[in-house]
Amino acid sequence: MKDLHAELEPLGLKVVRNARARRLRLRLDRRDGFPVLTLPKGVPERTGLAFVQENLEWIRERQAARPDPVPFLPGTRIPLGDETLLITRTPDRRGATRRDGDQLLVGGELAHVNRRVTDWLKAEARQRLTRQAHHHAARIESKVTRVRVADQQSRWGSCSGRGVLSFNWRLILAPAHVLDYVAAHEVAHLREMNHGPRFHAVLATLLEDPTRGDAWLTRYGPELRRYGVTDAASPTT
Ligand SMILES: [Zn+2]
């Protein structure tokens with residue numbers, strides 16, 4: 001009998017038990033592209049592994065279709081709102097990362113460039129999102145307690161009951177109208193904590209066309225997750 005475990009090992013397969021799942025399900029992890037198998041309750045792991053083996057071609061096709069990661073390295077052009085910046089390393093310069101025209105000047109060691117660019121983009125994202133959130137909040141006489149910028153896996157923004165707005169820093173890589181849409185969307189939640197008609201009425205007072213930013217994110221949002229990734233291949237179980 002073949003040892004399926006050993007055979008599937010190089011795939012970096014992750015097996016997840018889910019009591020609520022109704023059937024075997026195979027997908028690729030959005031972050032690293034490794035296959036994830038969901039096993040419903042009562043289904044033996046062996047059955048699941050056989051299912052994976054039957055679908056090896058599907059896995060390879062889907063992995064090949066994944067967009068390549070774009071690490072932040074010298075010479076890389078990155079979108080910043082409606083502009084493009086060229087990452088330029090200035091090894092002799094000390095001090096903070098700084099923008100000069102359409103260049104982003106990054107000092108220090110090469111190994112730290114990706115992180116330093118990420119830090120700069122996060123700060124820039126926080127600044128722009130804070131400005132847009134306060135701008136929209138003032139228009140509907142609501143108050144933003146705090147603006148957080150984080151690295152959420154799947155969400156672009158969220159709003160807590162206490163008025164804390166959280167945003168995904170990668171919005172800085174999207175066109176300006178998209179960042180503005182997410183800021184307005186979360187601000188509208190300060191008034192309506194739902195996605196019902198009243199929420200959409202509030203949002204419509206803030207934006208001319210709320211569907212535009214939403215449509216952009218649905219279509220191109222996943223691409224933004226390619227940026228800044230340096231170690232795309234680290235299988236975990
Ligand atoms: Zn929402």
# chains A, B, ... in the order shown; residues from 1 in each chain; ligands from 1
$ select_by_dssp --residues "segment 27-236 of chain A" --states "strand (DSSP E)" --output "MDAnalysis selection string"
chainID A and resid 27:28 35:40 77:80 83:89 98:100 103:106 146:150 157:159 164:168
$ write_last_selection --atoms "N, CA and C atoms" --output "mmCIF file, in the first residue's frame"
data_model
loop_
_atom_site.group_PDB
_atom_site.id
_atom_site.type_symbol
_atom_site.label_atom_id
_atom_site.label_comp_id
_atom_site.auth_asym_id
_atom_site.auth_seq_id
_atom_site.Cartn_x
_atom_site.Cartn_y
_atom_site.Cartn_z
ATOM 1 N N ARG A 27 -8.751 23.785 -1.350
ATOM 2 C CA ARG A 27 -8.538 25.147 -1.831
ATOM 3 C C ARG A 27 -7.070 25.505 -1.661
ATOM 4 N N LEU A 28 -6.668 26.651 -2.196
ATOM 5 C CA LEU A 28 -5.300 27.111 -1.982
ATOM 6 C C LEU A 28 -5.319 28.204 -0.930
ATOM 7 N N PRO A 35 -1.925 23.995 -0.756
ATOM 8 C CA PRO A 35 -3.284 23.453 -0.702
ATOM 9 C C PRO A 35 -3.755 23.231 0.741
ATOM 10 N N VAL A 36 -5.021 23.470 0.943
ATOM 11 C CA VAL A 36 -5.644 23.260 2.254
ATOM 12 C C VAL A 36 -6.818 22.311 2.050
ATOM 13 N N LEU A 37 -6.819 21.225 2.798
ATOM 14 C CA LEU A 37 -7.897 20.250 2.698
ATOM 15 C C LEU A 37 -8.790 20.373 3.930
ATOM 16 N N THR A 38 -10.073 20.533 3.713
ATOM 17 C CA THR A 38 -11.013 20.571 4.835
ATOM 18 C C THR A 38 -11.700 19.213 4.952
ATOM 19 N N LEU A 39 -11.581 18.624 6.137
ATOM 20 C CA LEU A 39 -12.188 17.318 6.387
ATOM 21 C C LEU A 39 -13.428 17.478 7.252
ATOM 22 N N PRO A 40 -14.579 17.050 6.762
ATOM 23 C CA PRO A 40 -15.763 17.102 7.613
ATOM 24 C C PRO A 40 -15.664 16.051 8.719
ATOM 25 N N ARG A 77 8.900 49.207 -9.044
ATOM 26 C CA ARG A 77 7.935 50.302 -9.061
ATOM 27 C C ARG A 77 6.683 49.852 -8.322
ATOM 28 N N ILE A 78 6.235 50.696 -7.412
ATOM 29 C CA ILE A 78 5.050 50.322 -6.646
ATOM 30 C C ILE A 78 3.974 51.385 -6.784
ATOM 31 N N PRO A 79 2.706 50.935 -6.865
ATOM 32 C CA PRO A 79 1.622 51.904 -6.930
ATOM 33 C C PRO A 79 1.419 52.554 -5.561
ATOM 34 N N LEU A 80 1.141 53.849 -5.574
ATOM 35 C CA LEU A 80 0.860 54.579 -4.336
ATOM 36 C C LEU A 80 -0.300 55.509 -4.661
ATOM 37 N N GLU A 83 -0.385 57.391 -8.005
ATOM 38 C CA GLU A 83 0.983 57.606 -8.483
ATOM 39 C C GLU A 83 1.762 56.301 -8.499
ATOM 40 N N THR A 84 2.992 56.390 -8.988
ATOM 41 C CA THR A 84 3.890 55.237 -8.938
ATOM 42 C C THR A 84 5.213 55.700 -8.349
ATOM 43 N N LEU A 85 5.758 54.905 -7.433
ATOM 44 C CA LEU A 85 7.046 55.240 -6.831
ATOM 45 C C LEU A 85 8.086 54.204 -7.205
ATOM 46 N N LEU A 86 9.304 54.679 -7.430
ATOM 47 C CA LEU A 86 10.418 53.772 -7.711
ATOM 48 C C LEU A 86 11.239 53.610 -6.435
ATOM 49 N N ILE A 87 11.389 52.365 -5.998
ATOM 50 C CA ILE A 87 12.187 52.116 -4.794
ATOM 51 C C ILE A 87 13.662 52.267 -5.148
ATOM 52 N N THR A 88 14.325 53.188 -4.466
ATOM 53 C CA THR A 88 15.725 53.479 -4.761
ATOM 54 C C THR A 88 16.538 53.340 -3.483
ATOM 55 N N ARG A 89 17.564 52.522 -3.548
ATOM 56 C CA ARG A 89 18.366 52.310 -2.355
ATOM 57 C C ARG A 89 19.489 53.331 -2.298
ATOM 58 N N ARG A 98 12.491 58.126 2.842
ATOM 59 C CA ARG A 98 11.823 59.367 2.500
ATOM 60 C C ARG A 98 11.543 59.430 1.015
ATOM 61 N N ARG A 99 10.484 60.160 0.702
ATOM 62 C CA ARG A 99 10.089 60.291 -0.679
ATOM 63 C C ARG A 99 10.764 61.508 -1.293
ATOM 64 N N ASP A 100 11.238 61.350 -2.544
ATOM 65 C CA ASP A 100 11.796 62.483 -3.274
ATOM 66 C C ASP A 100 11.235 62.391 -4.690
ATOM 67 N N GLN A 103 10.523 58.996 -6.411
ATOM 68 C CA GLN A 103 11.396 57.962 -5.855
ATOM 69 C C GLN A 103 11.168 57.822 -4.356
ATOM 70 N N LEU A 104 11.311 56.577 -3.896
ATOM 71 C CA LEU A 104 11.275 56.344 -2.463
ATOM 72 C C LEU A 104 12.690 55.946 -2.058
ATOM 73 N N LEU A 105 13.350 56.823 -1.307
ATOM 74 C CA LEU A 105 14.750 56.611 -0.952
ATOM 75 C C LEU A 105 14.858 55.803 0.333
ATOM 76 N N VAL A 106 15.530 54.663 0.226
ATOM 77 C CA VAL A 106 15.650 53.762 1.369
ATOM 78 C C VAL A 106 17.117 53.520 1.680
ATOM 79 N N ARG A 146 -10.456 56.434 16.893
ATOM 80 C CA ARG A 146 -9.070 56.131 16.556
ATOM 81 C C ARG A 146 -9.033 55.444 15.200
ATOM 82 N N VAL A 147 -7.939 55.609 14.486
ATOM 83 C CA VAL A 147 -7.747 54.913 13.218
ATOM 84 C C VAL A 147 -6.548 53.977 13.361
ATOM 85 N N ARG A 148 -6.784 52.717 13.098
ATOM 86 C CA ARG A 148 -5.722 51.708 13.162
ATOM 87 C C ARG A 148 -5.420 51.215 11.753
ATOM 88 N N VAL A 149 -4.150 50.900 11.525
ATOM 89 C CA VAL A 149 -3.778 50.302 10.249
ATOM 90 C C VAL A 149 -3.102 48.977 10.564
ATOM 91 N N ALA A 150 -3.574 47.898 9.960
ATOM 92 C CA ALA A 150 -3.047 46.571 10.279
ATOM 93 C C ALA A 150 -2.876 45.748 9.010
ATOM 94 N N GLY A 157 -11.406 46.724 5.854
ATOM 95 C CA GLY A 157 -11.646 47.665 6.935
ATOM 96 C C GLY A 157 -12.677 47.109 7.889
ATOM 97 N N SER A 158 -12.729 47.688 9.095
ATOM 98 C CA SER A 158 -13.765 47.306 10.039
ATOM 99 C C SER A 158 -13.992 48.467 10.994
ATOM 100 N N CYS A 159 -15.137 48.402 11.680
ATOM 101 C CA CYS A 159 -15.520 49.495 12.574
ATOM 102 C C CYS A 159 -16.014 48.893 13.873
ATOM 103 N N VAL A 164 -13.650 52.839 16.779
ATOM 104 C CA VAL A 164 -12.290 52.594 16.307
ATOM 105 C C VAL A 164 -12.380 51.979 14.903
ATOM 106 N N LEU A 165 -11.744 52.650 13.950
ATOM 107 C CA LEU A 165 -11.757 52.144 12.581
ATOM 108 C C LEU A 165 -10.430 51.456 12.283
ATOM 109 N N SER A 166 -10.506 50.255 11.724
ATOM 110 C CA SER A 166 -9.288 49.519 11.360
ATOM 111 C C SER A 166 -9.253 49.327 9.853
ATOM 112 N N PHE A 167 -8.080 49.557 9.299
ATOM 113 C CA PHE A 167 -7.942 49.432 7.848
ATOM 114 C C PHE A 167 -6.737 48.576 7.489
ATOM 115 N N ASN A 168 -6.820 47.990 6.320
ATOM 116 C CA ASN A 168 -5.712 47.213 5.777
ATOM 117 C C ASN A 168 -4.713 48.175 5.122
#
$ select_by_dssp --residues "segment 3-153 of chain A" --states "alpha helix (DSSP H)" --output "ChimeraX atom specification"
/A:4-8,45-54,56-65,113-139
$ write_last_selection --atoms "N, CA and C atoms" --output "compact mmCIF listing (two decimals), in the first residue's frame"
# COMPACT_ATOMS: atom_id res chain seq x y z
N LEU A 4 0.37 7.57 1.37
CA LEU A 4 -0.11 8.84 0.80
C LEU A 4 0.51 10.05 1.48
N HIS A 5 0.72 9.88 2.81
CA HIS A 5 1.30 10.98 3.57
C HIS A 5 2.63 11.42 2.97
N ALA A 6 3.50 10.41 2.75
CA ALA A 6 4.84 10.69 2.22
C ALA A 6 4.75 11.24 0.81
N GLU A 7 3.81 10.73 0.05
CA GLU A 7 3.68 11.15 -1.34
C GLU A 7 3.20 12.61 -1.44
N LEU A 8 2.35 12.99 -0.53
CA LEU A 8 1.77 14.34 -0.61
C LEU A 8 2.58 15.38 0.17
N GLU A 45 -8.97 10.65 7.51
CA GLU A 45 -7.96 11.44 6.82
C GLU A 45 -7.53 10.77 5.52
N ARG A 46 -7.48 9.44 5.54
CA ARG A 46 -7.07 8.68 4.37
C ARG A 46 -7.95 9.00 3.15
N THR A 47 -9.23 9.11 3.39
CA THR A 47 -10.17 9.44 2.31
C THR A 47 -9.85 10.83 1.76
N GLY A 48 -9.53 11.73 2.69
CA GLY A 48 -9.19 13.09 2.28
C GLY A 48 -7.94 13.13 1.44
N LEU A 49 -6.94 12.36 1.86
CA LEU A 49 -5.67 12.37 1.13
C LEU A 49 -5.84 11.77 -0.27
N ALA A 50 -6.69 10.75 -0.37
CA ALA A 50 -6.96 10.17 -1.69
C ALA A 50 -7.62 11.21 -2.59
N PHE A 51 -8.49 12.01 -1.99
CA PHE A 51 -9.16 13.09 -2.72
C PHE A 51 -8.14 14.11 -3.24
N VAL A 52 -7.17 14.42 -2.38
CA VAL A 52 -6.11 15.35 -2.79
C VAL A 52 -5.34 14.76 -3.97
N GLN A 53 -5.03 13.48 -3.86
CA GLN A 53 -4.24 12.84 -4.91
C GLN A 53 -4.98 12.87 -6.26
N GLU A 54 -6.28 12.69 -6.21
CA GLU A 54 -7.08 12.75 -7.45
C GLU A 54 -7.07 14.14 -8.06
N LEU A 56 -4.49 16.43 -7.95
CA LEU A 56 -3.16 17.03 -8.04
C LEU A 56 -3.04 17.99 -9.23
N GLU A 57 -3.66 17.62 -10.33
CA GLU A 57 -3.56 18.47 -11.52
C GLU A 57 -4.27 19.81 -11.29
N TRP A 58 -5.41 19.72 -10.65
CA TRP A 58 -6.15 20.96 -10.32
C TRP A 58 -5.29 21.87 -9.45
N ILE A 59 -4.62 21.26 -8.45
CA ILE A 59 -3.77 22.06 -7.55
C ILE A 59 -2.66 22.75 -8.34
N ARG A 60 -2.00 21.99 -9.22
CA ARG A 60 -0.87 22.57 -9.98
C ARG A 60 -1.33 23.68 -10.92
N GLU A 61 -2.48 23.45 -11.54
CA GLU A 61 -3.00 24.49 -12.44
C GLU A 61 -3.31 25.78 -11.68
N ARG A 62 -3.94 25.59 -10.53
CA ARG A 62 -4.30 26.78 -9.74
C ARG A 62 -3.06 27.48 -9.20
N GLN A 63 -2.06 26.72 -8.80
CA GLN A 63 -0.84 27.34 -8.28
C GLN A 63 -0.12 28.11 -9.39
N ALA A 64 -0.12 27.52 -10.59
CA ALA A 64 0.56 28.18 -11.71
C ALA A 64 -0.14 29.48 -12.09
N ALA A 65 -1.45 29.55 -11.85
CA ALA A 65 -2.22 30.73 -12.23
C ALA A 65 -2.12 31.85 -11.20
N VAL A 113 15.40 46.40 3.21
CA VAL A 113 14.65 47.29 2.33
C VAL A 113 13.15 46.96 2.33
N ASN A 114 12.83 45.67 2.19
CA ASN A 114 11.42 45.28 2.13
C ASN A 114 10.65 45.76 3.37
N ARG A 115 11.28 45.54 4.53
CA ARG A 115 10.60 45.94 5.77
C ARG A 115 10.50 47.46 5.89
N ARG A 116 11.56 48.15 5.50
CA ARG A 116 11.54 49.61 5.64
C ARG A 116 10.51 50.24 4.71
N VAL A 117 10.39 49.68 3.49
CA VAL A 117 9.38 50.19 2.57
C VAL A 117 7.98 49.91 3.12
N THR A 118 7.81 48.70 3.67
CA THR A 118 6.51 48.34 4.25
C THR A 118 6.15 49.32 5.38
N ASP A 119 7.11 49.59 6.24
CA ASP A 119 6.86 50.53 7.35
C ASP A 119 6.47 51.91 6.84
N TRP A 120 7.15 52.35 5.80
CA TRP A 120 6.86 53.68 5.26
C TRP A 120 5.44 53.70 4.66
N LEU A 121 5.09 52.63 3.95
CA LEU A 121 3.76 52.57 3.33
C LEU A 121 2.66 52.51 4.39
N LYS A 122 2.93 51.80 5.48
CA LYS A 122 1.93 51.72 6.56
C LYS A 122 1.69 53.10 7.17
N ALA A 123 2.77 53.83 7.37
CA ALA A 123 2.63 55.18 7.94
C ALA A 123 1.87 56.08 6.98
N GLU A 124 2.18 55.97 5.71
CA GLU A 124 1.51 56.76 4.69
C GLU A 124 0.01 56.38 4.63
N ALA A 125 -0.27 55.08 4.72
CA ALA A 125 -1.65 54.60 4.71
C ALA A 125 -2.41 55.15 5.91
N ARG A 126 -1.76 55.13 7.07
CA ARG A 126 -2.43 55.63 8.28
C ARG A 126 -2.77 57.11 8.14
N GLN A 127 -1.82 57.85 7.58
CA GLN A 127 -2.03 59.29 7.41
C GLN A 127 -3.22 59.58 6.48
N ARG A 128 -3.22 58.92 5.32
CA ARG A 128 -4.29 59.20 4.35
C ARG A 128 -5.65 58.69 4.82
N LEU A 129 -5.65 57.50 5.46
CA LEU A 129 -6.92 56.95 5.93
C LEU A 129 -7.48 57.78 7.08
N THR A 130 -6.59 58.28 7.94
CA THR A 130 -7.04 59.12 9.06
C THR A 130 -7.67 60.40 8.51
N ARG A 131 -7.00 61.00 7.52
CA ARG A 131 -7.52 62.24 6.93
C ARG A 131 -8.89 62.01 6.30
N GLN A 132 -9.02 60.95 5.49
CA GLN A 132 -10.30 60.70 4.81
C GLN A 132 -11.39 60.30 5.81
N ALA A 133 -11.04 59.53 6.82
CA ALA A 133 -12.04 59.11 7.81
C ALA A 133 -12.59 60.33 8.56
N HIS A 134 -11.70 61.23 8.98
CA HIS A 134 -12.18 62.41 9.70
C HIS A 134 -12.99 63.32 8.79
N HIS A 135 -12.57 63.42 7.55
CA HIS A 135 -13.30 64.23 6.58
C HIS A 135 -14.74 63.72 6.43
N HIS A 136 -14.91 62.41 6.25
CA HIS A 136 -16.25 61.86 6.06
C HIS A 136 -17.06 61.92 7.36
N ALA A 137 -16.39 61.64 8.49
CA ALA A 137 -17.10 61.64 9.77
C ALA A 137 -17.68 63.02 10.07
N ALA A 138 -16.92 64.06 9.74
CA ALA A 138 -17.39 65.42 10.00
C ALA A 138 -18.67 65.71 9.20
N ARG A 139 -18.77 65.15 8.02
CA ARG A 139 -19.93 65.42 7.16
C ARG A 139 -21.21 64.80 7.70
$ residues_near_ligand --ligand "ligand 1" --cutoff "7 Å" --atoms "only C-alpha atoms and all ligand atoms" --output "MDAnalysis selection string"
chainID A and resid 158 185:186 189 194:195
$ write_last_selection --atoms "N, CA and C atoms" --output "short mmCIF file (atom, residue, chain, number, x, y, z; two decimals), in the first residue's frame"
data_model
loop_
_atom_site.label_atom_id
_atom_site.label_comp_id
_atom_site.auth_asym_id
_atom_site.auth_seq_id
_atom_site.Cartn_x
_atom_site.Cartn_y
_atom_site.Cartn_z
N SER A 158 -12.73 47.69 9.09
CA SER A 158 -13.77 47.31 10.04
C SER A 158 -13.99 48.47 10.99
N HIS A 185 -16.91 53.96 3.80
CA HIS A 185 -17.71 52.78 4.17
C HIS A 185 -17.66 52.56 5.68
N GLU A 186 -16.44 52.56 6.25
CA GLU A 186 -16.32 52.31 7.69
C GLU A 186 -16.89 53.47 8.50
N HIS A 189 -20.48 53.10 8.99
CA HIS A 189 -20.82 52.14 10.05
C HIS A 189 -20.89 52.81 11.42
N ASN A 194 -24.50 47.88 10.10
CA ASN A 194 -25.08 46.80 9.29
C ASN A 194 -24.88 47.18 7.83
N HIS A 195 -25.37 46.35 6.93
CA HIS A 195 -25.30 46.70 5.52
C HIS A 195 -26.71 46.83 4.94
#
$ closest_residue --among "A:Pro91, A:Gly33, A:Pro210, A:Gly228" --to "Thr76 of chain A" --atoms "only C-alpha atoms"
A:Gly228
$ residues_around --residues "Arg191 of chain A" --least-positions-apart "2" --cutoff "10 Å" --atoms "only C-alpha atoms" --output "list in words"
Ala137, Ile140, Glu141, Ser142, Lys143, Gly161, Gly163, Glu186, Val187, Ala188, His189, Met193, Asn194, Arg198, Phe199, Val202 and Leu203 of chain A
$ closest_residue --among "A:Ala21, A:Leu11, A:Leu179, A:Ala204" --to "Gly81 of chain A" --atoms "only C-alpha atoms"
A:Leu179
$ atom_distance --atom1 "atom CA of Asp151 of chain A" --atom2 "atom CA of Glu208 of chain A"
28.4 Å
$ residues_around --residues "Leu217 of chain A" --least-positions-apart "5" --cutoff "10 Å" --atoms "only C-alpha atoms" --output "VMD selection string"
chain A and resid 156 171 174 178 to 179 181 to 182 212 222 to 224
$ atom_distance --atom1 "atom CA of Arg17 of chain A" --atom2 "atom CA of Arg155 of chain A"
23.6 Å
$ residues_around --residues "Val229 of chain A" --least-positions-apart "3" --cutoff "9 Å" --atoms "only C-alpha atoms" --output "NGL selection string"
:A and (69-72 or 114 or 225-226 or 232)
$ write_last_selection --atoms "C-alpha atoms" --output "compact mmCIF listing (two decimals), in the first residue's frame"
# COMPACT_ATOMS: atom_id res chain seq x y z
CA PRO A 69 4.70 37.96 -5.39
CA VAL A 70 6.25 41.42 -5.67
CA PRO A 71 8.76 41.99 -2.87
CA PHE A 72 9.76 45.58 -2.19
CA ASN A 114 11.42 45.28 2.13
CA ARG A 225 -1.73 41.00 -1.49
CA ARG A 226 1.16 40.16 -3.81
CA ALA A 232 6.07 33.12 0.06
$ closest_residue --among "A:Gly107, A:Asp29, A:Gly42, A:Gly221" --to "Ile172 of chain A" --atoms "only C-alpha atoms"
A:Gly221
